[in-house]
Amino acid sequence: MGSSINIFLGLLIYVSVAHTTIFTSAKVYVVYMGGNDSDDPDEILTKNHQMLVSVHSGSVEEAHASHLYSYKHGFRGFAAKLTEDQALQIAKMPEVVSVFENKRRSLHTTHSWDFIGLVGEETMEIPGFSTKDQVNVIIGFIDTGIWPESESFSDADMPPVPAGWKGKCQSGEEFNITHCNRKLIGARYYLSGYEAENQNSQYDDDPKNKKSFRSPRDSNGHGTHTASTAAGRYVTDMNYKGLARGGARGGAPMARVAVYKTCWDSGCYDADLLAAFDDAVRDGVHIVSLSLGPDAPQGDYFSDAISIGSFHAVSRGISVVSSVGNEGGKGSATNLAPWIITVAATSIDREFTANFEMGNGVKLKGESLSVLQMEAPARIISASIANAGYFTPYQSSYCLESSLNYTKTRGKVLLCRHAERSSESKVRKSEIVKAAGGIGMILVDENVDVAIPFVIPAAIVGKKVGNRILSYINKTRKPSSRIYSSEAVLGSQAAPRVASFSSKGPNGLTPEILKPDVAAPGLNILAAWSPAIGQKLKYNILSGTSMACPHVTGIVALIKAVHPTWSPSAIKSAIMTTASIFDKTGKPMRVDPEGRKANPFDYGSGFINPTMVLNPGLVYDSTSMDHKAFLCSIGYDQKSLRLITRDNTTCEDQPFSTPSNLNYPSIVIPYLKSNFSVTRTLTYVGNSDKKTVWTSVVAPPRGVEVDIVPRRLVFSGYGQKMNFTATFRFSGEPRGYVFGWLQWRNGKVRVSAPLVVRAVPFDLGSGV
């Protein structure tokens, strides 16, 4: 990190080896002290220093040596190496909201924009609106950095940097101020939190190439990919090894990019993430995009760096977009705070498939990104009969490291298995087969939607096809197969479909808040890449909710360009209420791999529809006061609330007492026992100055009666607000969560909100 990390109170402190041994039993803790009510950074630094001195027995030198960061722009706090006892002492200090360990967060790791409905090379214009002001929108990406030489970040024909920009281009290894331009207008990097947790690391972000950069330069590829997906310039010939060749661009190709590199080989650490948020707020970004998050289950909001940083960013009018996670199972959703836009992943109508032919003439196909192919058929065997040494047939069937016998596998195609929800690398399986002499692989896996860049001719198939192949092998004297190279195929399946890996609701922290909020393309997405790794690729195809997040970020940028005064909540509402729950054939969306009908726990409000977001008609807006009321409703006391907000807010004067009443573009009632009412406020943001009439239409969840009062809302002008009440009555047998929707209609305009209810047996002692 640059010298700014070593400067504390204007002093450069040399810490001897004798003093560093003091901290061998210490850990890095983040001390969060709420909002920032001071315009004097030195005052905050002095206070932080005094607190550290007090827990180091008055030693100024030890206090200096323990310090990593001070947060002094968007919020207050610091990160420091502390013993558990010192952390407990600080937690008891009256000005402290929370103290938590420097936890690690994980990365949630083009035709997609055409599929969504945005066309054009640079303008990405939406009919009826001009998005040319996207040149004044600045997106901050908290990720693995950027590859500045990529064509996606060219500044050709871009106007000067916006006047209000306060960020900087931080020099470092193989990166200097000349790498920034009128497109990439800011770049910073953060190491202290990572270094403190990985003291023996050599910054080996790529274990194969041992290549990393102590600078904003990206040696991972993830940050370059996400930034170009959201805001990359038009590239005339983007492809992956010849696949999916064509022109591609990001959602807001003329928006500005600022990068905050916080993610390294072992992950992204809270202390660094908060430092990035703090700088982004001061620098003047309009949007923060994070394709990363905690593991499920997520902890308390104010013991979570992303929740804290985003709370203070949103309170300053900065939209924050993040991914829901890649754990796939029920209740695995993360980034749960209601002030964040949380994004699930779907497919698009493009697949990467490899055809293969069995010796009996049967032709099949599977997912693959391998451009290699077999020149002739070869013997195919089950990996279970190729076990080596002490490995059992069951173990070798998964093609585990060292499990295959070279004599048995040489020159053959292997049928391997992959454990469901396993983090084991599928690419690595192909490397293992190749090392054992195999010349091809068919991998049987439940998750068949993600295409993989295998190192030999290979394809992924589902269990049904896998069992068919195994039956052929077992019944044939000399079974054979030939695998062909992958090709891009459009329109072979209904799309979008919710990706199997995309984390699902319900919200495990506050079940009254629906998560995810919305879904976007995240499966097999082509975008810019870092040539520092692997095969020196300029572009790559990745899958994950990491790839879905920047699609929504790009749309937020277009909304900001057209409606610069809209609040983050209004922007979120416009995206959610215009989303679709149907695929492109008009049928309800499905979920991979089983093909079940999707519901709001899978996709939130639905699949993004950027052609409608600029004119949603009505929005469910909310303010900082609403978020304060939300915190009161989930149990934050007055002391904590005042520290967080740095004002005289009390929980006695809040507009609601249950989190279901937050003015959110969805309604979730997780504990309905008899009847329950919620209130929502709609704000008119349409184009007409004339009186407009909106009528409610409800598709009630099964076994639940829903009454809307009033059923008609009449707006007379832009910005007018009107309330309605939705009352839910339990009328059937308890059956877990059930789903419906509420729409407000005016002509062809639909303002939709999902309804999610779980009825529980009536308890005479309960008022709900």
# chains A, B, ... in the order shown; residues from 1 in each chain; ligands from 1
>>> residues_around(residues="A:Ala187", least_positions_apart="6", cutoff="10 Å", atoms="only C-alpha atoms", output="MDAnalysis selection string")
chainID A and resid 140:141 145:146 148 167:171 175:177 179:180 215:217 257:261
>>> select_by_dssp(residues="stretch 147-353 of chain A", states="strand (DSSP E or B)", output="ChimeraX atom specification")
/A:169,172,175,184-189,206,211,217,235-240,243-248,256-261,263-264,267-269,287-290,292-293,319-323,341-346,350-353
>>> write_last_selection(atoms="C-alpha atoms", output="compact mmCIF listing (two decimals), in the first residue's frame")
# COMPACT_ATOMS: atom_id res chain seq x y z
CA CYS A 169 -4.96 7.42 -9.54
CA GLY A 172 2.06 1.05 -7.56
CA PHE A 175 0.61 0.97 -12.53
CA LEU A 184 -10.82 5.09 -15.96
CA ILE A 185 -10.76 8.19 -13.79
CA GLY A 186 -9.67 6.72 -10.46
CA ALA A 187 -7.80 3.72 -9.08
CA ARG A 188 -6.81 2.82 -5.52
CA TYR A 189 -5.69 -0.33 -3.73
CA ASP A 206 -2.69 -16.80 -9.29
CA LYS A 211 1.82 -13.18 -10.36
CA ARG A 217 -3.61 -3.59 -11.61
CA VAL A 235 -15.25 -3.67 -28.67
CA THR A 236 -15.68 -4.77 -32.28
CA ASP A 237 -14.35 -8.31 -31.98
CA MET A 238 -14.75 -9.72 -28.48
CA ASN A 239 -14.51 -13.51 -28.25
CA TYR A 240 -13.23 -16.38 -26.17
CA LEU A 243 -16.27 -18.58 -29.48
CA ALA A 244 -19.12 -16.03 -29.31
CA ARG A 245 -17.28 -13.70 -31.67
CA GLY A 246 -18.84 -10.29 -32.22
CA GLY A 247 -19.17 -6.73 -30.95
CA ALA A 248 -19.74 -6.25 -27.23
CA ARG A 256 -16.84 6.72 -15.84
CA VAL A 257 -15.03 3.97 -13.93
CA ALA A 258 -13.20 4.19 -10.59
CA VAL A 259 -11.68 1.05 -9.11
CA TYR A 260 -10.97 0.20 -5.48
CA LYS A 261 -8.86 -2.95 -5.31
CA CYS A 263 -9.61 -8.38 -3.10
CA TRP A 264 -6.49 -10.52 -3.14
CA GLY A 267 -10.37 -12.96 -0.45
CA CYS A 268 -11.54 -9.47 0.48
CA TYR A 269 -11.18 -8.36 4.10
CA ILE A 287 -22.76 4.06 -7.65
CA VAL A 288 -20.81 1.37 -5.81
CA SER A 289 -20.74 -2.12 -7.33
CA LEU A 290 -19.56 -5.13 -5.30
CA LEU A 292 -18.65 -10.18 -3.46
CA GLY A 293 -20.08 -10.91 -0.04
CA SER A 319 -26.67 3.51 -4.97
CA VAL A 320 -25.04 0.23 -3.91
CA VAL A 321 -25.42 -2.93 -6.01
CA SER A 322 -24.20 -6.35 -4.89
CA SER A 323 -24.51 -10.04 -5.68
CA ILE A 341 -29.80 -3.80 -4.47
CA THR A 342 -29.12 -7.54 -4.26
CA VAL A 343 -28.91 -9.47 -7.54
CA ALA A 344 -29.55 -13.12 -8.45
CA ALA A 345 -28.19 -14.82 -11.58
CA THR A 346 -29.98 -16.20 -14.63
CA ARG A 350 -26.81 -18.47 -25.51
CA GLU A 351 -25.20 -21.76 -24.54
CA PHE A 352 -21.75 -23.21 -25.10
CA THR A 353 -22.16 -26.85 -26.00
>>> residues_around(residues="A:Gln134", least_positions_apart="2", cutoff="10 Å", atoms="only C-alpha atoms", output="ChimeraX atom specification")
/A:123-124,130-132,136-138,231,252-256,554,557-562,564
>>> write_last_selection(atoms="C-alpha atoms", output="PDB file, in the first residue's frame")
ATOM      1  CA  THR A 123     -25.183   5.087 -26.656  1.00  0.00           C
ATOM      2  CA  MET A 124     -27.273   2.201 -25.264  1.00  0.00           C
ATOM      3  CA  SER A 130     -31.612  10.180 -23.910  1.00  0.00           C
ATOM      4  CA  THR A 131     -28.904   8.542 -21.821  1.00  0.00           C
ATOM      5  CA  LYS A 132     -26.079  10.760 -23.093  1.00  0.00           C
ATOM      6  CA  ASN A 136     -21.431  12.333 -15.809  1.00  0.00           C
ATOM      7  CA  VAL A 137     -22.114   9.111 -13.899  1.00  0.00           C
ATOM      8  CA  ILE A 138     -19.200   7.617 -11.931  1.00  0.00           C
ATOM      9  CA  ALA A 231     -19.490   0.070 -18.240  1.00  0.00           C
ATOM     10  CA  ALA A 252     -23.408   2.138 -19.654  1.00  0.00           C
ATOM     11  CA  PRO A 253     -20.401   2.322 -22.008  1.00  0.00           C
ATOM     12  CA  MET A 254     -19.895   6.073 -21.618  1.00  0.00           C
ATOM     13  CA  ALA A 255     -20.060   6.100 -17.801  1.00  0.00           C
ATOM     14  CA  ARG A 256     -16.839   6.715 -15.841  1.00  0.00           C
ATOM     15  CA  GLY A 554     -25.096  -0.654 -15.722  1.00  0.00           C
ATOM     16  CA  ALA A 557     -26.064   4.157 -14.318  1.00  0.00           C
ATOM     17  CA  LEU A 558     -28.547   4.693 -17.162  1.00  0.00           C
ATOM     18  CA  ILE A 559     -31.281   5.629 -14.670  1.00  0.00           C
ATOM     19  CA  LYS A 560     -28.881   8.062 -12.954  1.00  0.00           C
ATOM     20  CA  ALA A 561     -28.128   9.619 -16.343  1.00  0.00           C
ATOM     21  CA  VAL A 562     -31.811  10.309 -17.060  1.00  0.00           C
ATOM     22  CA  PRO A 564     -30.058  12.314 -11.556  1.00  0.00           C
TER      23      PRO A 564
END
>>> closest_residue(among="A:Met158, A:Val518, A:Met93, A:Leu526", to="A:Phe607", atoms="only C-alpha atoms")
A:Val518
>>> residues_around(residues="A:Leu414", least_positions_apart="3", cutoff="6 Å", atoms="only C-alpha atoms", output="list in words")
Ile380, Ile381, Ser382, Ala383 and Met441 of chain A
